[in-house]
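Chemist: Handing over structure.txt, compact mmCIF, C-alpha atoms.
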# COMPACT_ATOMS: atom_id res chain seq x y z
CA MET D 30 -13.28 -32.05 40.47
CA GLU D 31 -13.81 -28.36 39.62
CA GLU D 32 -10.87 -26.39 38.26
CA GLU D 33 -9.74 -23.41 40.33
CA GLU D 34 -9.39 -20.07 38.55
CA LEU D 35 -5.93 -18.54 38.61
CA GLY D 36 -5.53 -15.05 40.04
CA LEU D 37 -2.98 -12.34 39.39
CA PHE D 38 -0.58 -13.62 42.04
CA ASP D 39 -0.77 -17.11 40.53
CA TYR D 40 0.33 -15.75 37.15
CA LEU D 41 3.11 -13.73 38.75
CA PHE D 42 4.26 -16.82 40.63
CA ILE D 43 4.43 -18.84 37.39
CA ILE D 44 6.52 -16.09 35.76
CA TRP D 45 8.85 -15.93 38.79
CA LYS D 46 9.20 -19.69 38.92
CA ARG D 47 10.28 -19.83 35.28
CA LYS D 48 12.23 -16.58 35.24
CA VAL D 49 15.43 -18.29 34.08
CA SER D 50 13.74 -19.80 31.04
CA ILE D 51 12.06 -16.50 30.23
CA ILE D 52 15.35 -14.58 30.40
CA VAL D 53 17.09 -17.16 28.20
CA VAL D 54 14.37 -16.95 25.53
CA ILE D 55 14.47 -13.14 25.57
CA LEU D 56 18.25 -13.10 25.17
CA VAL D 57 18.08 -15.56 22.27
CA CYS D 58 15.47 -13.41 20.50
CA VAL D 59 17.55 -10.27 21.04
CA LEU D 60 20.63 -11.97 19.59
CA ILE D 61 18.63 -13.09 16.58
CA GLY D 62 17.33 -9.53 16.13
CA ALA D 63 20.87 -8.11 16.30
CA PHE D 64 22.08 -10.66 13.75
CA MET D 65 19.23 -9.75 11.38
CA ALA D 66 19.97 -6.02 11.75
CA LEU D 67 23.68 -6.42 11.05
CA GLY D 68 23.46 -9.13 8.43
CA GLY D 69 20.41 -7.90 6.53
CA SER D 70 20.53 -6.96 2.86
CA ASP D 71 21.60 -3.41 2.00
CA LEU D 72 18.91 -0.87 1.17
CA TYR D 73 19.24 2.40 -0.73
CA ARG D 74 17.11 5.52 -0.56
CA ALA D 75 16.71 8.55 -2.82
CA GLU D 76 14.52 11.53 -1.97
CA VAL D 77 13.55 14.96 -3.24
CA LEU D 78 11.48 17.91 -2.05
CA VAL D 79 8.48 18.97 -4.15
CA ARG D 80 6.67 22.29 -3.78
CA ILE D 81 2.93 22.01 -4.39
CA GLY D 82 1.61 24.66 -6.78
CA LYS D 83 -1.39 26.92 -6.35
CA GLY D 84 -4.76 25.91 -7.70
CA GLN D 85 -6.01 29.49 -7.87
CA THR D 86 -4.84 32.89 -6.73
CA THR D 87 -7.10 34.66 -4.23
CA ASN D 88 -6.57 36.58 -1.03
CA ILE D 89 -5.98 33.19 0.60
CA PRO D 90 -3.90 31.00 -1.80
CA THR D 91 -5.27 27.52 -2.41
CA LEU D 92 -2.97 24.58 -3.18
CA LEU D 93 -3.69 22.06 -5.93
CA ASP D 94 -3.49 19.31 -3.29
CA GLU D 95 -3.11 19.44 0.47
CA PRO D 96 0.23 17.92 1.60
CA GLN D 97 -1.41 15.85 4.35
CA ASN D 98 -3.67 14.22 1.75
CA LEU D 99 -0.76 13.43 -0.57
CA VAL D 100 1.01 11.55 2.23
CA THR D 101 -1.70 8.89 1.88
CA THR D 102 -2.87 9.12 -1.72
CA LEU D 103 0.41 9.53 -3.61
CA PRO D 104 1.97 6.16 -2.55
CA ILE D 105 -1.26 4.37 -3.51
CA GLU D 106 -1.55 6.14 -6.87
CA TYR D 107 2.08 5.60 -7.96
CA SER D 108 2.94 2.31 -6.25
CA GLY D 109 2.66 0.46 -9.56
CA VAL D 110 5.32 2.68 -11.13
CA ILE D 111 8.18 1.62 -8.84
CA GLY D 112 7.63 -2.15 -8.66
CA ASN D 113 7.16 -4.54 -5.77
CA ASP D 114 10.78 -4.51 -4.59
CA CYS D 115 10.76 -0.77 -3.79
CA ALA D 116 8.81 1.30 -1.28
CA LEU D 117 7.40 4.77 -1.97
CA LEU D 118 7.29 7.08 1.06
CA VAL D 119 5.81 10.58 1.29
CA GLY D 120 6.19 13.02 4.16
CA MET D 121 5.18 16.64 4.59
CA ILE D 122 7.11 19.61 5.95
CA SER D 123 4.79 21.11 8.55
CA GLY D 124 3.65 24.67 7.84
CA THR D 125 4.91 24.69 4.24
CA PRO D 126 3.60 23.61 0.80
CA LEU D 127 6.49 21.12 0.58
CA ILE D 128 6.40 17.34 0.58
CA ARG D 129 9.31 14.90 0.65
CA ILE D 130 9.04 11.99 -1.80
CA SER D 131 11.36 9.03 -1.11
CA VAL D 132 11.94 5.69 -2.79
CA GLN D 133 13.70 2.87 -0.97
CA GLY D 134 14.88 -0.44 -2.39
CA PRO D 135 17.76 -2.92 -2.80
CA GLU D 136 19.10 -1.60 -6.14
CA ARG D 137 20.75 1.83 -6.11
CA LYS D 138 20.21 2.62 -9.78
CA LYS D 139 16.60 1.48 -9.83
CA VAL D 140 15.80 3.51 -6.70
CA LYS D 141 16.92 6.75 -8.34
CA GLU D 142 15.21 5.96 -11.65
CA SER D 143 11.96 5.09 -9.86
CA LEU D 144 12.01 8.36 -7.93
CA GLU D 145 12.64 10.34 -11.12
CA LYS D 146 9.73 8.57 -12.82
CA VAL D 147 7.29 9.11 -9.94
CA THR D 148 8.28 12.75 -9.47
CA GLY D 149 8.07 13.45 -13.19
CA LEU D 150 4.58 11.98 -13.51
CA PHE D 151 3.34 13.78 -10.41
CA VAL D 152 4.72 17.19 -11.42
CA GLU D 153 3.42 16.79 -14.98
CA ALA D 154 -0.08 15.94 -13.71
CA HIS D 155 -0.10 19.07 -11.55
CA ARG D 156 1.21 21.25 -14.40
CA LYS D 157 -1.66 20.11 -16.64
CA ARG D 158 -4.13 21.12 -13.95
CA SER D 159 -2.41 24.52 -13.65
CA GLU D 160 -2.56 25.04 -17.43
CA GLU D 161 -6.30 24.30 -17.38
CA ILE D 162 -6.82 26.97 -14.72
CA ILE D 163 -4.64 29.44 -16.66
CA GLU D 164 -6.68 28.82 -19.81
CA SER D 165 -9.89 29.51 -17.87
CA TYR D 166 -8.46 32.89 -16.85
CA ARG D 167 -7.58 33.63 -20.48
CA VAL D 168 -11.13 32.83 -21.57
CA LEU D 169 -12.42 35.06 -18.78
CA THR D 170 -10.16 37.91 -19.92
CA ARG D 171 -11.39 37.67 -23.51
CA GLY D 172 -14.98 37.49 -22.29
CA ILE D 173 -14.60 40.61 -20.17
CA GLY D 174 -13.21 42.55 -23.13
CA LYS D 175 -16.06 41.53 -25.45
CA TYR D 176 -18.69 42.27 -22.80
CA ILE D 177 -17.35 45.76 -22.08
CA GLU D 178 -17.05 46.50 -25.78
CA ALA D 179 -20.64 45.45 -26.46
CA ASN D 180 -21.89 47.31 -23.40
CA GLY D 181 -20.12 50.48 -24.46
CA GLU D 182 -21.69 50.37 -27.91
CA GLN D 183 -25.17 49.89 -26.41
CA MET D 184 -24.66 52.85 -24.09
CA ALA D 185 -23.51 55.06 -26.98
CA GLN D 186 -26.57 54.08 -29.07
CA PHE D 187 -28.82 54.78 -26.11
CA GLY D 188 -27.27 58.25 -25.78
CA VAL D 189 -27.85 59.12 -29.43
CA SER D 190 -31.47 57.93 -29.31
CA SER D 191 -32.16 59.90 -26.15
CA LYS D 192 -30.78 63.08 -27.72
CA GLU D 193 -32.95 62.78 -30.81
CA VAL D 194 -36.14 62.11 -28.85
CA SER D 195 -35.69 64.85 -26.26
CA GLY D 196 -34.71 67.53 -28.80
CA VAL D 197 -32.32 69.11 -26.35
CA ASN D 198 -30.30 72.15 -27.33
CA LYS D 199 -26.71 72.12 -28.45
CA LYS D 200 -25.36 72.74 -24.96
CA ASN D 201 -27.29 69.79 -23.52
CA SER D 202 -26.22 67.54 -26.40
CA ILE D 203 -22.60 68.40 -25.70
CA ASP D 204 -23.13 67.54 -22.02
CA PHE D 205 -24.78 64.30 -22.99
CA ARG D 206 -21.92 63.32 -25.27
CA THR D 207 -19.56 64.19 -22.47
CA ASP D 208 -21.47 61.89 -20.11
CA SER D 209 -21.41 59.16 -22.73
CA ASP D 210 -17.67 59.58 -23.15
CA LEU D 211 -17.21 59.39 -19.38
CA TRP D 212 -19.21 56.17 -19.21
CA SER D 213 -17.17 54.71 -22.04
CA GLU D 214 -13.91 55.74 -20.35
CA ARG D 215 -15.10 54.25 -17.05
CA ASP D 216 -15.90 50.93 -18.75
CA SER D 217 -12.51 50.95 -20.42
CA LEU D 218 -10.82 51.43 -17.05
CA ILE D 219 -12.84 48.58 -15.54
CA ASP D 220 -11.94 46.39 -18.51
CA LEU D 221 -8.26 47.27 -18.10
CA LYS D 222 -8.40 46.61 -14.36
CA ARG D 223 -9.99 43.18 -14.75
CA LYS D 224 -7.65 42.22 -17.54
CA SER D 225 -4.69 43.27 -15.39
CA GLU D 226 -5.99 41.20 -12.48
CA CYS D 227 -6.34 38.14 -14.71
CA LYS D 228 -2.81 38.63 -16.04
CA ILE D 229 -1.52 38.87 -12.47
CA PHE D 230 -3.38 35.65 -11.65
CA ILE D 231 -1.89 33.93 -14.70
CA ASN D 232 1.65 35.06 -13.89
CA SER D 233 1.25 33.97 -10.29
CA LEU D 234 -0.02 30.55 -11.35
CA ARG D 235 2.91 30.09 -13.72
CA THR D 236 5.42 31.19 -11.08
CA ASN D 237 3.91 28.91 -8.43
CA MET D 238 3.50 25.73 -10.45
CA THR D 239 4.34 22.44 -8.78
CA GLN D 240 8.06 21.75 -9.11
CA THR D 241 10.96 19.97 -7.47
CA VAL D 242 13.18 21.86 -5.06
CA GLY D 243 16.73 21.02 -6.07
CA ARG D 244 17.74 17.96 -8.06
CA ILE D 245 17.42 14.27 -7.35
CA GLY D 246 20.77 13.00 -6.08
CA ASP D 247 22.17 9.48 -6.14
CA ALA D 248 20.59 6.92 -3.84
CA VAL D 249 22.46 6.52 -0.56
CA PRO D 250 22.73 3.43 1.69
CA VAL D 251 20.20 3.20 4.49
CA LYS D 252 21.61 1.95 7.78
CA PRO D 253 19.17 -0.28 9.64
CA SER D 254 18.08 0.87 13.08
CA ILE D 255 19.66 -1.73 15.38
CA LEU D 256 17.80 -0.33 18.38
CA LYS D 257 14.42 -0.89 16.70
CA TYR D 258 15.38 -4.45 15.84
CA LEU D 259 16.47 -5.11 19.42
CA ILE D 260 13.32 -3.59 20.93
CA PHE D 261 11.08 -5.58 18.61
CA ALA D 262 13.03 -8.78 19.22
CA GLY D 263 12.93 -8.21 22.98
CA MET D 264 9.15 -7.64 23.00
CA PHE D 265 8.67 -10.72 20.84
CA GLY D 266 10.88 -12.76 23.22
CA ILE D 267 8.88 -11.61 26.26
CA ALA D 268 5.57 -12.58 24.65
CA ILE D 269 6.86 -15.97 23.49
CA SER D 270 8.61 -16.89 26.76
CA ILE D 271 5.67 -15.96 28.99
CA GLY D 272 3.23 -17.77 26.73
CA MET D 273 5.42 -20.89 26.78
CA SER D 274 5.69 -20.70 30.59
CA PHE D 275 1.91 -20.66 31.01
CA LEU D 276 1.53 -23.49 28.49
CA ILE D 277 4.12 -25.66 30.26
CA GLU D 278 2.50 -24.96 33.63
CA TYR D 279 -0.90 -25.92 32.27
CA VAL D 280 0.40 -29.18 30.80
CA GLN D 281 2.17 -30.13 34.04
CA ASN D 282 -0.93 -29.41 36.15
CA ALA D 283 -3.05 -31.46 33.77
CA LYS D 284 -0.68 -34.44 34.13
CA LYS D 285 -0.83 -34.18 37.94
CA GLU D 286 -4.62 -34.15 37.90
CA ARG D 287 -4.69 -37.25 35.71
CA LYS D 288 -2.38 -39.10 38.08
CA MET D 289 -4.54 -38.13 41.04
CA LEU D 290 -7.68 -39.35 39.30
CA ALA D 291 -5.95 -42.60 38.30
How does this structure look as structure tokens?
Modeler:
Amino acid sequence: MEEEELGLFDYLFIIWKRKVSIIVVILVCVLIGAFMALGGSDLYRAEVLVRIGKGQTTNIPTLLDEPQNLVTTLPIEYSGVIGNDCALLVGMISGTPLIRISVQGPERKKVKESLEKVTGLFVEAHRKRSEEIIESYRVLTRGIGKYIEANGEQMAQFGVSSKEVSGVNKKNSIDFRTDSDLWSERDSLIDLKRKSECKIFINSLRTNMTQTVGRIGDAVPVKPSILKYLIFAGMFGIAISIGMSFLIEYVQNAKKERKMLA
């Protein structure tokens, strides 16, 4: 005897036929979910805002790290610092260089200490990167000064040699020295301008280093979301009750077929 395939209306009929059982199972699951939400262990959370520093100063400022990337990478990188009983969460403030670092766990004191440790390590790592960039600007500033100084000396020597070879008169030699002085003054101004720009870059980098915004306060209790528990429990109850209804219907039909064949 070939088995008949069940259609949509057959499934709906099974659900309607066992609607009482389905409703009972859903209600039981919802009650269990409410009990878990109200009777669960207390959790504490501490959080702080961190402003991401600049990696370099240009017409368009560049951050050391993009906030959207830190949302994923920071919890992975520092998960070992807080332990298995705490959770590290990172969120970004849209349109700003700010991120929110949070630690959640069952022990109030440990939650705050873990957040302080993670934030301290993260800020220190960024500050080291900023200091490396600042040092590169310092090297560049010193290099510019030496280059301009050497270039000025070469130009002055070239002027003297040209005067001796050409045998120009006194008036021309005075003009030439004047030109040489103008070139030297121009190079000095360029040197001063570039040095000033580098100093501005350095000051901007120091001012915009990664740092916390405000202080880390005490961990506060986190109230569980009863609605989320109830929704999850209700969805779980629907899935379980409907699956059980189909299973019971299948078993009953199989028993009837066996009796008919017997």
Chemist: Counting all atoms listed in the file, which of D:Leu290, D:Val79, D:Val110, D:Leu118 gets nearest to Arg244 of chain D?
Modeler: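 Going through D:Leu290, D:Val79, D:Val110, D:Leu118 one by one, the smallest distance to Arg244 of chain D is for D:Val79.
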Chemist: Would you work out the distance separating atom CA of Leu234 of chain D from atom CA of Pro126 of chain D, expressed in Å to one decimal?
Modeler: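 Spanning atom CA of Leu234 of chain D to atom CA of Pro126 of chain D is a straight-line distance of 14.5 Å.
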Chemist: Please identify all polymer residues within 9 Å of Ile111 of chain D, counting only C-alpha atoms, omitting same-chain residues fewer than 2 positions from it, and present them as a PDB file with C-alpha atoms, keeping the file's coordinate frame.
Modeler:
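Output (around-v8.pdb):
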ATOM      1  CA  TYR D 107       2.080   5.600  -7.960  1.00  0.00           C
ATOM      2  CA  SER D 108       2.940   2.310  -6.250  1.00  0.00           C
ATOM      3  CA  GLY D 109       2.660   0.460  -9.560  1.00  0.00           C
ATOM      4  CA  ASN D 113       7.160  -4.540  -5.770  1.00  0.00           C
ATOM      5  CA  ASP D 114      10.780  -4.510  -4.590  1.00  0.00           C
ATOM      6  CA  CYS D 115      10.760  -0.770  -3.790  1.00  0.00           C
ATOM      7  CA  ALA D 116       8.810   1.300  -1.280  1.00  0.00           C
ATOM      8  CA  LEU D 117       7.400   4.770  -1.970  1.00  0.00           C
ATOM      9  CA  VAL D 132      11.940   5.690  -2.790  1.00  0.00           C
ATOM     10  CA  LYS D 139      16.600   1.480  -9.830  1.00  0.00           C
ATOM     11  CA  VAL D 140      15.800   3.510  -6.700  1.00  0.00           C
ATOM     12  CA  GLU D 142      15.210   5.960 -11.650  1.00  0.00           C
ATOM     13  CA  SER D 143      11.960   5.090  -9.860  1.00  0.00           C
ATOM     14  CA  LEU D 144      12.010   8.360  -7.930  1.00  0.00           C
ATOM     15  CA  LYS D 146       9.730   8.570 -12.820  1.00  0.00           C
ATOM     16  CA  VAL D 147       7.290   9.110  -9.940  1.00  0.00           C
TER      17      VAL D 147
END
Chemist: Counting all atoms listed in the file, note down every residue that has an atom within 9 Å of the point (22.0, 6.3, 0.5) (file coordinates), as a PyMOL selection string.
Modeler: chain D and resi 72-75+137+247-252
Chemist: Atom CA of Ile260 of chain D to atom CA of Leu37 of chain D: how many Å, to one decimal?
Modeler: 26.1 Å
Chemist: Within 12 Å of Ser123 of chain D, counting all atoms listed in the file, which residues qualify if same-chain residues fewer than 5 places away don't, as a list in words?
Modeler: Glu95, Pro96, Gln97, Ile128 and Arg129 of chain D
Chemist: Just want the 8 Å neighbourhood of segment 53-70 of chain D, counted on all atoms listed in the file, with same-chain residues fewer than 6 positions away dropped. Output as a list in words.
Modeler: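 Listing them by chain and then by number gives Pro135, Pro253, Ser254, Ile255, Tyr258, Leu259, Ile260, Phe261, Ala262, Gly263, Phe265, Gly266, Ile267, Ile269 and Ser270 of chain D.
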Chemist: Quick one: distance from atom CA of Ile51 of chain D to atom CA of Arg287 of chain D in Å, one decimal?
Modeler: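 The value is 27.2 Å.
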Chemist: Considering only C-alpha atoms, state which residue in the set D:Leu127, D:Ile105, D:Ile81, D:Met289 is at the smallest distance from Arg156 of chain D.
Modeler: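 For Arg156 of chain D, the nearest of the given residues is D:Ile81.
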Chemist: List as a PDB file with C-alpha atoms, keeping the file's coordinate frame the protein and nucleic acid residues near segment 46-49 of chain D, meaning an atom at most 12 Å away when all atoms listed in the file are counted, but skip any in the same chain fewer than 6 places from it.
Modeler:
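Output file result16.pdb is given in full below:
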ATOM      1  CA  PHE D  38      -0.580 -13.620  42.040  1.00  0.00           C
ATOM      2  CA  ASP D  39      -0.770 -17.110  40.530  1.00  0.00           C
ATOM      3  CA  TYR D  40       0.330 -15.750  37.150  1.00  0.00           C
ATOM      4  CA  ILE D  55      14.470 -13.140  25.570  1.00  0.00           C
ATOM      5  CA  LEU D  56      18.250 -13.100  25.170  1.00  0.00           C
ATOM      6  CA  ILE D 267       8.880 -11.610  26.260  1.00  0.00           C
ATOM      7  CA  SER D 270       8.610 -16.890  26.760  1.00  0.00           C
ATOM      8  CA  ILE D 271       5.670 -15.960  28.990  1.00  0.00           C
ATOM      9  CA  GLY D 272       3.230 -17.770  26.730  1.00  0.00           C
ATOM     10  CA  MET D 273       5.420 -20.890  26.780  1.00  0.00           C
ATOM     11  CA  SER D 274       5.690 -20.700  30.590  1.00  0.00           C
ATOM     12  CA  PHE D 275       1.910 -20.660  31.010  1.00  0.00           C
ATOM     13  CA  LEU D 276       1.530 -23.490  28.490  1.00  0.00           C
ATOM     14  CA  ILE D 277       4.120 -25.660  30.260  1.00  0.00           C
ATOM     15  CA  GLU D 278       2.500 -24.960  33.630  1.00  0.00           C
TER      16      GLU D 278
END
Chemist: Measuring atom to atom with only C-alpha atoms, identify which of D:Thr236, D:Thr241, D:Ser159, D:Ser165 is nearest to Leu93 of chain D.
Modeler: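 So, comparing all the options, the nearest one is D:Ser159.
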Chemist: Under the rule that all atoms listed in the file are counted, which of D:Arg167, D:Glu106, D:Leu99, D:Gln240 is the nearest residue to Gly149 of chain D?
Modeler: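 Closest residue, counting all atoms listed in the file: D:Gln240.
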Chemist: Between D:Asp71, D:Lys288, D:Thr148, D:Leu78, which one has atoms that come closest to Glu136 of chain D, using all atoms listed in the file?
Modeler: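 Checking each of D:Asp71, D:Lys288, D:Thr148, D:Leu78 against Glu136 of chain D, counting all atoms listed in the file, the winner is D:Asp71.
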Chemist: Kindly indicate which residue among D:Thr125, D:Ala268, D:Thr101, D:Thr91 lies nearest to Ile44 of chain D, using only C-alpha atoms for the distances.
Modeler: D:Ala268
